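Q: There's a structure below that I have some questions on.
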Amino acid sequence: MLRKLTLLFAVVLTVQLWPAAAESQTVSVGGRLGFVAGDVWFEEEEANDMQQPMPGLQVGGVLAYRLNSIVSLQTELWYVQKGWTETRADGGRRLSYVELPLLVRLAPSWKTAPQLIAGLSVSRELACSVTGVDEGSLSCDDARVKWNRAKTQLGTWLGLGLGRRLGQGELHVQLLGNLNLTNVNRETLPRGYTKLLSVALSAAFMIPLGGR
């Protein structure tokens with residue numbers, strides 16, 4: 001199912017960006033750098049009281065296509081760190097992903113403009129570690145702490161931003177919230193769920209192809 005969704009993302013992007021080939025001023029490219037506060041949502045409410053956010057990094061590239069004066073469609077490719085801290089055990093889980101979001105951005109064409117951003121993403125785990133053990137940190141696949149988990153995730157993103165035109169480019173500062181729809185913890189099935197969630201504060205700078 002997730003593979004089909006990934007393919008669907010690629011098809012949608014191709015359909016949307018293909019007409020822009022002759023009008024490259026509607027397409028912008030750039031990069032993103034940000035900070036992530038990762039956490040987790042357990043079905044068992046008591047377990048949620050023992051968790052705290054874990055800081056992480058978000059870095060990647062942006063490709064945006066302006067559909068009209070208000071709506072832009074953008075896809076991005078990130079390296080992003082998520083996870084959580086377990087206060088009782090003084091440890092936690094850190095998961096690193098390559099993530100492909102497909103976002104819709106609503107913003108007026110002002111020099112400085114507020115933004116509303118929403119979309120879906122597919123991510124694939126690159127690394128996972130368990131912290132707070134005697135050795136300091138172990139891979140989630142280490143026999144001593146082995147964790148059976150879903151390595152491909154489907155998630156949602158929703159947030160606000162502020163865009164500012166700077167010369168030929170645009171600076172976008174955005175605050176986005178993420179909830180993964182996939183149960184990451186396979187060991188709890190079918191009794192419950194464990195879903196990653198995070199808040200990302202980031203800045204992206206984009207330059208229109210072909211100039212304004």
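For the structure tokens, the naming scheme is as follows: chains receive sequential letters (A, B, ...) according to their order of presentation, residues are indexed from 1 within each chain, and ligands are indexed from 1 in presentation order.
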Would you kindly return, as a VMD selection string, each protein, DNA or RNA residue with an atom no farther than 8 Å from any atom of A:Arg124, considering only C-alpha atoms and excluding same-chain residues fewer than 2 positions away?
A: chain A and resid 97 to 99 122 126 151 to 153
Q: Using only C-alpha atoms, which residues sit within 8 Å of stretch 138-143 of chain A once same-chain residues fewer than 5 positions away are excluded, as a ChimeraX atom specification?
A: /A:127-131,133
Q: Set the distance at 12 Å and use only C-alpha atoms: which residues neighbour A:Leu179 once local chain neighbours fewer than 6 positions away are removed? I'd like the list as a list of chain:residue names.
A: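 So the residues in contact are A:Gly38, A:Asp39, A:Val40, A:Trp41, A:Lys82, A:Ala118, A:Gly119, A:Leu120, A:Ser121, A:Val122, A:Gln153, A:Leu154, A:Gly155, A:Thr156, A:Trp157, A:Leu158, A:Gly159, A:Thr194, A:Lys195, A:Leu196, A:Leu197, A:Ser198, A:Val199, A:Ala200.
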Q: Generate a file of the selected residues that holds N, CA and C atoms, formatted as a PDB file, in the first residue's frame.
A:
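The result, written out as result_17.pdb:
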ATOM      1  N   GLY A  38      10.771  15.675  18.392  1.00  0.00           N
ATOM      2  CA  GLY A  38      10.063  14.429  18.159  1.00  0.00           C
ATOM      3  C   GLY A  38       9.443  13.872  19.430  1.00  0.00           C
ATOM      4  N   ASP A  39       8.346  13.154  19.268  1.00  0.00           N
ATOM      5  CA  ASP A  39       7.668  12.539  20.403  1.00  0.00           C
ATOM      6  C   ASP A  39       6.920  11.308  19.909  1.00  0.00           C
ATOM      7  N   VAL A  40       6.119  10.702  20.772  1.00  0.00           N
ATOM      8  CA  VAL A  40       5.400   9.488  20.415  1.00  0.00           C
ATOM      9  C   VAL A  40       4.023   9.522  21.077  1.00  0.00           C
ATOM     10  N   TRP A  41       3.068   8.860  20.461  1.00  0.00           N
ATOM     11  CA  TRP A  41       1.703   8.785  20.974  1.00  0.00           C
ATOM     12  C   TRP A  41       1.356   7.314  21.156  1.00  0.00           C
ATOM     13  N   LYS A  82      13.577  11.689  14.168  1.00  0.00           N
ATOM     14  CA  LYS A  82      12.422  11.658  15.049  1.00  0.00           C
ATOM     15  C   LYS A  82      12.734  10.757  16.237  1.00  0.00           C
ATOM     16  N   ALA A 118      -0.315  22.086   4.181  1.00  0.00           N
ATOM     17  CA  ALA A 118      -0.873  20.792   4.559  1.00  0.00           C
ATOM     18  C   ALA A 118      -0.472  19.760   3.518  1.00  0.00           C
ATOM     19  N   GLY A 119      -0.347  18.506   3.960  1.00  0.00           N
ATOM     20  CA  GLY A 119      -0.021  17.458   3.002  1.00  0.00           C
ATOM     21  C   GLY A 119       0.259  16.121   3.652  1.00  0.00           C
ATOM     22  N   LEU A 120       0.710  15.188   2.821  1.00  0.00           N
ATOM     23  CA  LEU A 120       1.054  13.832   3.232  1.00  0.00           C
ATOM     24  C   LEU A 120       2.520  13.558   2.951  1.00  0.00           C
ATOM     25  N   SER A 121       3.048  12.520   3.593  1.00  0.00           N
ATOM     26  CA  SER A 121       4.436  12.145   3.340  1.00  0.00           C
ATOM     27  C   SER A 121       4.613  10.641   3.472  1.00  0.00           C
ATOM     28  N   VAL A 122       5.606  10.136   2.788  1.00  0.00           N
ATOM     29  CA  VAL A 122       6.051   8.754   2.922  1.00  0.00           C
ATOM     30  C   VAL A 122       7.509   8.793   3.354  1.00  0.00           C
ATOM     31  N   GLN A 153       6.803   4.529   6.755  1.00  0.00           N
ATOM     32  CA  GLN A 153       5.772   5.267   7.463  1.00  0.00           C
ATOM     33  C   GLN A 153       4.991   6.184   6.510  1.00  0.00           C
ATOM     34  N   LEU A 154       3.709   6.295   6.761  1.00  0.00           N
ATOM     35  CA  LEU A 154       2.856   7.271   6.082  1.00  0.00           C
ATOM     36  C   LEU A 154       2.444   8.305   7.120  1.00  0.00           C
ATOM     37  N   GLY A 155       2.586   9.597   6.789  1.00  0.00           N
ATOM     38  CA  GLY A 155       2.284  10.630   7.770  1.00  0.00           C
ATOM     39  C   GLY A 155       1.569  11.824   7.182  1.00  0.00           C
ATOM     40  N   THR A 156       1.103  12.692   8.063  1.00  0.00           N
ATOM     41  CA  THR A 156       0.446  13.940   7.682  1.00  0.00           C
ATOM     42  C   THR A 156       1.264  15.118   8.205  1.00  0.00           C
ATOM     43  N   TRP A 157       1.193  16.252   7.501  1.00  0.00           N
ATOM     44  CA  TRP A 157       1.844  17.493   7.922  1.00  0.00           C
ATOM     45  C   TRP A 157       0.842  18.629   7.815  1.00  0.00           C
ATOM     46  N   LEU A 158       0.843  19.506   8.822  1.00  0.00           N
ATOM     47  CA  LEU A 158      -0.054  20.654   8.835  1.00  0.00           C
ATOM     48  C   LEU A 158       0.615  21.780   9.613  1.00  0.00           C
ATOM     49  N   GLY A 159       0.556  23.001   9.086  1.00  0.00           N
ATOM     50  CA  GLY A 159       1.179  24.089   9.814  1.00  0.00           C
ATOM     51  C   GLY A 159       1.018  25.443   9.155  1.00  0.00           C
ATOM     52  N   THR A 194       1.372   2.662  18.406  1.00  0.00           N
ATOM     53  CA  THR A 194       2.468   3.543  18.787  1.00  0.00           C
ATOM     54  C   THR A 194       2.769   4.391  17.559  1.00  0.00           C
ATOM     55  N   LYS A 195       2.425   5.675  17.607  1.00  0.00           N
ATOM     56  CA  LYS A 195       2.567   6.533  16.434  1.00  0.00           C
ATOM     57  C   LYS A 195       3.502   7.697  16.731  1.00  0.00           C
ATOM     58  N   LEU A 196       4.463   7.895  15.834  1.00  0.00           N
ATOM     59  CA  LEU A 196       5.401   9.004  15.987  1.00  0.00           C
ATOM     60  C   LEU A 196       4.707  10.316  15.668  1.00  0.00           C
ATOM     61  N   LEU A 197       5.055  11.346  16.410  1.00  0.00           N
ATOM     62  CA  LEU A 197       4.591  12.693  16.101  1.00  0.00           C
ATOM     63  C   LEU A 197       5.739  13.656  16.349  1.00  0.00           C
ATOM     64  N   SER A 198       5.700  14.812  15.706  1.00  0.00           N
ATOM     65  CA  SER A 198       6.797  15.764  15.837  1.00  0.00           C
ATOM     66  C   SER A 198       6.329  17.153  15.426  1.00  0.00           C
ATOM     67  N   VAL A 199       7.109  18.139  15.848  1.00  0.00           N
ATOM     68  CA  VAL A 199       6.917  19.527  15.447  1.00  0.00           C
ATOM     69  C   VAL A 199       8.236  20.007  14.857  1.00  0.00           C
ATOM     70  N   ALA A 200       8.176  20.605  13.675  1.00  0.00           N
ATOM     71  CA  ALA A 200       9.385  21.046  12.976  1.00  0.00           C
ATOM     72  C   ALA A 200       9.332  22.546  12.723  1.00  0.00           C
TER      73      ALA A 200
END
Q: Please report the interatomic distance between atom CA of A:Leu67 and atom CA of A:Val29 in Å with one decimal.
A: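 Computing the Euclidean distance for atom CA of A:Leu67 and atom CA of A:Val29 yields 14.9 Å.
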Q: A:Asn148: which residues within 8 Å, counting only C-alpha atoms, same-chain residues fewer than 3 positions away excluded, as a PyMOL selection string?
A: chain A and resi 185-187
Q: How about saving the chosen residues, all heavy atoms kept, as a PDB file, in the first residue's frame?
A:
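Output below, filename out-v6.pdb:
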ATOM      1  N   ASN A 185       5.280   0.510  16.040  1.00  0.00           N
ATOM      2  CA  ASN A 185       5.652  -0.591  16.918  1.00  0.00           C
ATOM      3  C   ASN A 185       4.880  -1.850  16.559  1.00  0.00           C
ATOM      4  O   ASN A 185       3.728  -2.007  16.935  1.00  0.00           O
ATOM      5  CB  ASN A 185       5.406  -0.206  18.380  1.00  0.00           C
ATOM      6  CG  ASN A 185       6.013  -1.206  19.348  1.00  0.00           C
ATOM      7  OD1 ASN A 185       6.513  -2.257  18.958  1.00  0.00           O
ATOM      8  ND2 ASN A 185       5.956  -0.879  20.629  1.00  0.00           N
ATOM      9  N   ARG A 186       5.512  -2.769  15.835  1.00  0.00           N
ATOM     10  CA  ARG A 186       4.846  -3.995  15.432  1.00  0.00           C
ATOM     11  C   ARG A 186       4.610  -4.925  16.617  1.00  0.00           C
ATOM     12  O   ARG A 186       3.755  -5.806  16.562  1.00  0.00           O
ATOM     13  CB  ARG A 186       5.695  -4.723  14.371  1.00  0.00           C
ATOM     14  CG  ARG A 186       5.757  -4.012  13.030  1.00  0.00           C
ATOM     15  CD  ARG A 186       4.379  -3.808  12.454  1.00  0.00           C
ATOM     16  NE  ARG A 186       4.421  -3.347  11.079  1.00  0.00           N
ATOM     17  CZ  ARG A 186       3.375  -2.843  10.439  1.00  0.00           C
ATOM     18  NH1 ARG A 186       2.212  -2.726  11.050  1.00  0.00           N
ATOM     19  NH2 ARG A 186       3.480  -2.430   9.192  1.00  0.00           N
ATOM     20  N   GLU A 187       5.336  -4.747  17.696  1.00  0.00           N
ATOM     21  CA  GLU A 187       5.199  -5.640  18.837  1.00  0.00           C
ATOM     22  C   GLU A 187       3.883  -5.433  19.574  1.00  0.00           C
ATOM     23  O   GLU A 187       3.451  -6.296  20.318  1.00  0.00           O
ATOM     24  CB  GLU A 187       6.377  -5.419  19.799  1.00  0.00           C
ATOM     25  CG  GLU A 187       7.707  -5.810  19.184  1.00  0.00           C
ATOM     26  CD  GLU A 187       8.874  -5.452  20.086  1.00  0.00           C
ATOM     27  OE1 GLU A 187       8.650  -4.793  21.113  1.00  0.00           O
ATOM     28  OE2 GLU A 187      10.012  -5.831  19.755  1.00  0.00           O
TER      29      GLU A 187
END
Q: Mind dumping a table of every stretch 141-206 of chain A residue within 8 Å of stretch 54-62 of chain A, with the nearest atom pair and its distance in Å to one decimal, using only C-alpha atoms, sorted by chain and rising number, as JSON lines?
A:
{"residue": "A:Ala200", "atom": "CA", "partner": "A:Gln58", "partner_atom": "CA", "distance": 7.7}
{"residue": "A:Ser202", "atom": "CA", "partner": "A:Gln58", "partner_atom": "CA", "distance": 7.6}
{"residue": "A:Ala204", "atom": "CA", "partner": "A:Val62", "partner_atom": "CA", "distance": 7.8}
{"residue": "A:Met206", "atom": "CA", "partner": "A:Val62", "partner_atom": "CA", "distance": 7.5}
Q: What's the 8 Å shell around A:Ala107, counting only C-alpha atoms, without same-chain residues fewer than 4 positions away, as a list in words?
A: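 Close residues of A:Ala107: Ser69, Ile70, Val71, Ala113, Pro114, Gln115 and Leu116 of chain A.
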Q: Please extract the residues of stretch 9-210 of chain A with a backbone DSSP assignment of strand (DSSP E) and present them as a VMD selection string.
A: chain A and resid 27 to 42 51 to 66 71 to 86 91 to 106 112 to 131 137 to 139 152 to 166 169 to 180 194 to 208
Q: Please identify all polymer residues within 10 Å of A:Leu171, counting only C-alpha atoms, omitting same-chain residues fewer than 4 positions from it, and present them as a list in words.
A: Gly30, Arg32, Thr112, Leu162, Gly163, Arg164, Arg165, Leu166, Ala203, Ala204, Phe205, Met206 and Ile207 of chain A
Q: Grab the atom CA of A:Glu43 to atom CA of A:Val184 distance for me, in Å with one decimal place.
A: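 Here the two named atoms are 12.2 Å from each other.
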Q: Tell me which of A:Gly92, A:Gly132, A:Gly34, A:Gly177 sits closest to A:Leu201, counting only C-alpha atoms.
A: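 Using only C-alpha atoms, A:Leu201 sits closest to A:Gly34.
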